There are 2 protein chains.
Amino acid sequence: MNWLDEVGFDERGLVTVIAQDAASGRVLMVAWANAEALAETVASGQAVYFSRSRGRLWRKGEESGHRQRVLEVRLDCDGDVVLYRVEQAGGIACHTGRESCFYRLLCEGQWQVVDPVLKDPELVYRK
Amino acid sequence: MNWLDEVGFDERGLVTVIAQDAASGRVLMVAWANAEALAETVASGQAVYFSRSRGRLWRKGEESGHRQRVLEVRLDCDGDVVLYRVEQAGGIACHTGRESCFYRLLCEGQWQVVDPVLKDPELVYRK
């Protein structure tokens with residue numbers, strides 16, 4: 001049995017993927033993958049997602065350089081969420097230039113930005 | 001502005017929620033919440049989700065006793081994923097009696113169960 005057959009892709013052929021920094025334990029980001037993205041991730045050892053906005057595979061870091069080396073791939077009990085444990089290049093996963101996309105903390109009834117911008121996104125995405 | 005207005009609920013009124021153990025950093029589980037579940041979580045300090053199968057609020061641990069005390073609530077950059085950082089009662093989040101739902105690791109093309117059952121689920125859910 002192929003491991004991909006045990007992944008519960010939704011009606012669009014997608015599965016939720018969480019990327020977690022293997023060293024710090026930070027939850028870095030959540031994105032989608034299709035079967036092709038998962039297969040390429042495992043074959044290449046680099047995180048690949050499926051970008052719904054672009055309608056194509058998204059090799060994380062292809063523009064920003066902030067690639068993710070995948071050390072582990074895990075599947076949850078329902079089979080519908082995949083976890084990539086990664087080594088995050090540059091220590092930046094978020095397009096805002098922060099370590100993690102989860103940089104807003106609920107504090108006294110407001111979302112407060114609590115994590116610093118490590119690199120100006122204008123510099124990250126400059127061609 | 002109400003903090004709930006900044007959460008990007010989908011067309012069903014749901015948002016993806018990740019629960020992470022605040023001490024160990026383990027990603028424990030992924031579930032859904034609606035606005036009511038998020039509001040009750042924040043008000044009570046205990047993780048509340050929305051169970052799609054039961055069609056109602058799911059106060060984590062209501063049957064198993066494996067409650068989650070919520071220490072932090074975070075929101076991602078897109079506003080469509082919420083992260084609960086929790087203290088997991090009994091050290092068991094998964095209905096299989098394991099610490100985490102992500103107990104299967106991809107190893108040589110197979111999903112391998114790599115985490116132990118800490119408590120027999122028959123005992124967890126016995127009335």
# chains A, B, ... in the order shown; residues from 1 in each chain; ligands from 1
>>> residues_around(residues="range 76-84 of chain A", least_positions_apart="2", cutoff="10 Å", atoms="only C-alpha atoms", output="number ranges by chain")
A: 5-10, 14-22, 27, 30-33, 38, 41, 46-47, 68-74, 86-87; B: 27-31, 94-96, 98, 100-105
>>> residues_around(residues="Glu36 in chain A", least_positions_apart="3", cutoff="9 Å", atoms="only C-alpha atoms", output="PyMOL selection string")
chain A and resi 33+39-41+48-50+57
>>> write_last_selection(atoms="C-alpha atoms", output="CSV table (one decimal), in the first residue's frame")
chain,number,residue,atom,x,y,z
A,33,ALA,CA,-0.5,20.0,-0.1
A,39,ALA,CA,5.6,13.1,-2.9
A,40,GLU,CA,8.1,15.8,-4.0
A,41,THR,CA,8.6,16.8,-0.3
A,48,VAL,CA,6.6,21.6,-1.0
A,49,TYR,CA,3.0,22.9,-0.7
A,50,PHE,CA,0.2,23.5,-3.1
A,57,LEU,CA,3.0,23.6,-6.5
>>> residues_around(residues="Tyr125 in chain B", least_positions_apart="4", cutoff="7 Å", atoms="only C-alpha atoms", output="ChimeraX atom specification")
/B:63-64,121
>>> write_last_selection(atoms="N, CA and C atoms", output="PDB file, in the first residue's frame")
ATOM      1  N   GLU B  63     -15.590  14.180  28.048  1.00  0.00           N
ATOM      2  CA  GLU B  63     -15.783  12.739  28.278  1.00  0.00           C
ATOM      3  C   GLU B  63     -14.519  12.077  28.826  1.00  0.00           C
ATOM      4  N   SER B  64     -13.402  12.435  28.252  1.00  0.00           N
ATOM      5  CA  SER B  64     -12.144  11.744  28.574  1.00  0.00           C
ATOM      6  C   SER B  64     -11.489  12.283  29.848  1.00  0.00           C
ATOM      7  N   PRO B 121      -7.719   3.448  25.467  1.00  0.00           N
ATOM      8  CA  PRO B 121      -8.895   4.301  25.223  1.00  0.00           C
ATOM      9  C   PRO B 121     -10.185   3.702  25.795  1.00  0.00           C
TER      10      PRO B 121
END
>>> atom_distance(atom1="CA of Glu99 in chain B", atom2="CA of Pro116 in chain B")
8.2 Å
>>> select_by_dssp(residues="range 16-109 of chain A", states="helix (DSSP H, G or I)", output="VMD selection string")
chain A and resid 35 to 44 89 to 91
>>> write_last_selection(atoms="all heavy atoms", output="mmCIF file, in the first residue's frame")
data_model
loop_
_atom_site.group_PDB
_atom_site.id
_atom_site.type_symbol
_atom_site.label_atom_id
_atom_site.label_comp_id
_atom_site.auth_asym_id
_atom_site.auth_seq_id
_atom_site.Cartn_x
_atom_site.Cartn_y
_atom_site.Cartn_z
ATOM 1 N N ALA A 35 -1.199 15.497 -3.431
ATOM 2 C CA ALA A 35 -0.364 14.289 -3.418
ATOM 3 C C ALA A 35 0.999 14.551 -4.049
ATOM 4 O O ALA A 35 2.037 14.095 -3.552
ATOM 5 C CB ALA A 35 -1.087 13.148 -4.146
ATOM 6 N N GLU A 36 1.007 15.320 -5.127
ATOM 7 C CA GLU A 36 2.258 15.634 -5.816
ATOM 8 C C GLU A 36 3.213 16.405 -4.899
ATOM 9 O O GLU A 36 4.413 16.146 -4.874
ATOM 10 C CB GLU A 36 1.930 16.448 -7.078
ATOM 11 C CG GLU A 36 3.087 16.595 -8.025
ATOM 12 C CD GLU A 36 2.735 17.493 -9.225
ATOM 13 O OE1 GLU A 36 1.562 17.921 -9.349
ATOM 14 O OE2 GLU A 36 3.657 17.784 -10.015
ATOM 15 N N ALA A 37 2.665 17.353 -4.154
ATOM 16 C CA ALA A 37 3.489 18.149 -3.236
ATOM 17 C C ALA A 37 4.085 17.266 -2.134
ATOM 18 O O ALA A 37 5.267 17.388 -1.798
ATOM 19 C CB ALA A 37 2.663 19.276 -2.627
ATOM 20 N N LEU A 38 3.273 16.365 -1.598
ATOM 21 C CA LEU A 38 3.782 15.461 -0.552
ATOM 22 C C LEU A 38 4.871 14.551 -1.120
ATOM 23 O O LEU A 38 5.916 14.349 -0.486
ATOM 24 C CB LEU A 38 2.648 14.609 0.026
ATOM 25 C CG LEU A 38 1.610 15.314 0.901
ATOM 26 C CD1 LEU A 38 0.630 14.279 1.460
ATOM 27 C CD2 LEU A 38 2.231 16.101 2.030
ATOM 28 N N ALA A 39 4.618 14.018 -2.289
ATOM 29 C CA ALA A 39 5.590 13.100 -2.896
ATOM 30 C C ALA A 39 6.908 13.815 -3.161
ATOM 31 O O ALA A 39 7.988 13.283 -2.878
ATOM 32 C CB ALA A 39 5.022 12.509 -4.184
ATOM 33 N N GLU A 40 6.816 15.045 -3.679
ATOM 34 C CA GLU A 40 8.056 15.787 -3.962
ATOM 35 C C GLU A 40 8.776 16.177 -2.671
ATOM 36 O O GLU A 40 10.006 16.178 -2.629
ATOM 37 C CB GLU A 40 7.763 17.023 -4.818
ATOM 38 C CG GLU A 40 9.054 17.719 -5.234
ATOM 39 C CD GLU A 40 8.855 18.876 -6.199
ATOM 40 O OE1 GLU A 40 8.090 18.732 -7.175
ATOM 41 O OE2 GLU A 40 9.488 19.930 -5.972
ATOM 42 N N THR A 41 8.013 16.499 -1.640
ATOM 43 C CA THR A 41 8.614 16.825 -0.337
ATOM 44 C C THR A 41 9.453 15.654 0.162
ATOM 45 O O THR A 41 10.600 15.821 0.580
ATOM 46 C CB THR A 41 7.506 17.148 0.693
ATOM 47 O OG1 THR A 41 6.844 18.330 0.278
ATOM 48 C CG2 THR A 41 8.074 17.338 2.086
ATOM 49 N N VAL A 42 8.870 14.480 0.091
ATOM 50 C CA VAL A 42 9.556 13.299 0.605
ATOM 51 C C VAL A 42 10.764 12.952 -0.283
ATOM 52 O O VAL A 42 11.843 12.618 0.218
ATOM 53 C CB VAL A 42 8.573 12.115 0.719
ATOM 54 C CG1 VAL A 42 9.291 10.814 1.026
ATOM 55 C CG2 VAL A 42 7.531 12.429 1.797
ATOM 56 N N ALA A 43 10.590 13.084 -1.580
ATOM 57 C CA ALA A 43 11.687 12.752 -2.504
ATOM 58 C C ALA A 43 12.848 13.739 -2.389
ATOM 59 O O ALA A 43 14.013 13.348 -2.441
ATOM 60 C CB ALA A 43 11.165 12.713 -3.942
ATOM 61 N N SER A 44 12.521 15.013 -2.228
ATOM 62 C CA SER A 44 13.566 16.050 -2.248
ATOM 63 C C SER A 44 14.087 16.406 -0.862
ATOM 64 O O SER A 44 15.175 16.976 -0.728
ATOM 65 C CB SER A 44 13.019 17.323 -2.902
ATOM 66 O OG SER A 44 12.034 17.931 -2.066
ATOM 67 N N ALA A 89 15.332 27.687 6.865
ATOM 68 C CA ALA A 89 16.428 28.538 6.387
ATOM 69 C C ALA A 89 16.158 29.988 6.768
ATOM 70 O O ALA A 89 15.042 30.486 6.617
ATOM 71 C CB ALA A 89 16.571 28.408 4.877
ATOM 72 N N GLY A 90 17.168 30.646 7.285
ATOM 73 C CA GLY A 90 17.055 32.053 7.659
ATOM 74 C C GLY A 90 16.258 32.288 8.927
ATOM 75 O O GLY A 90 16.125 33.438 9.369
ATOM 76 N N GLY A 91 15.689 31.226 9.464
ATOM 77 C CA GLY A 91 14.876 31.384 10.678
ATOM 78 C C GLY A 91 13.603 32.168 10.435
ATOM 79 O O GLY A 91 12.982 32.671 11.369
#
>>> select_by_dssp(residues="chain A", states="strand (DSSP E or B)", output="count of residues only")
47
>>> closest_residue(among="A:Ser24, A:Ser51, A:Gln88, A:Asn34", to="chain B", atoms="only C-alpha atoms")
A:Ser24
>>> atom_distance(atom1="CA of Gly61 in chain B", atom2="CA of Gly25 in chain A")
24.5 Å
>>> closest_residue(among="B:Arg59, B:Arg67, B:Lys119, B:Arg85", to="chain A", atoms="only C-alpha atoms")
B:Arg85
>>> closest_residue(among="B:Ala93, B:Leu106, B:Arg12, B:Asn2", to="Gly55 in chain B", atoms="only C-alpha atoms")
B:Arg12
>>> atom_distance(atom1="CA of Asp115 in chain A", atom2="CA of Arg52 in chain A")
26.7 Å
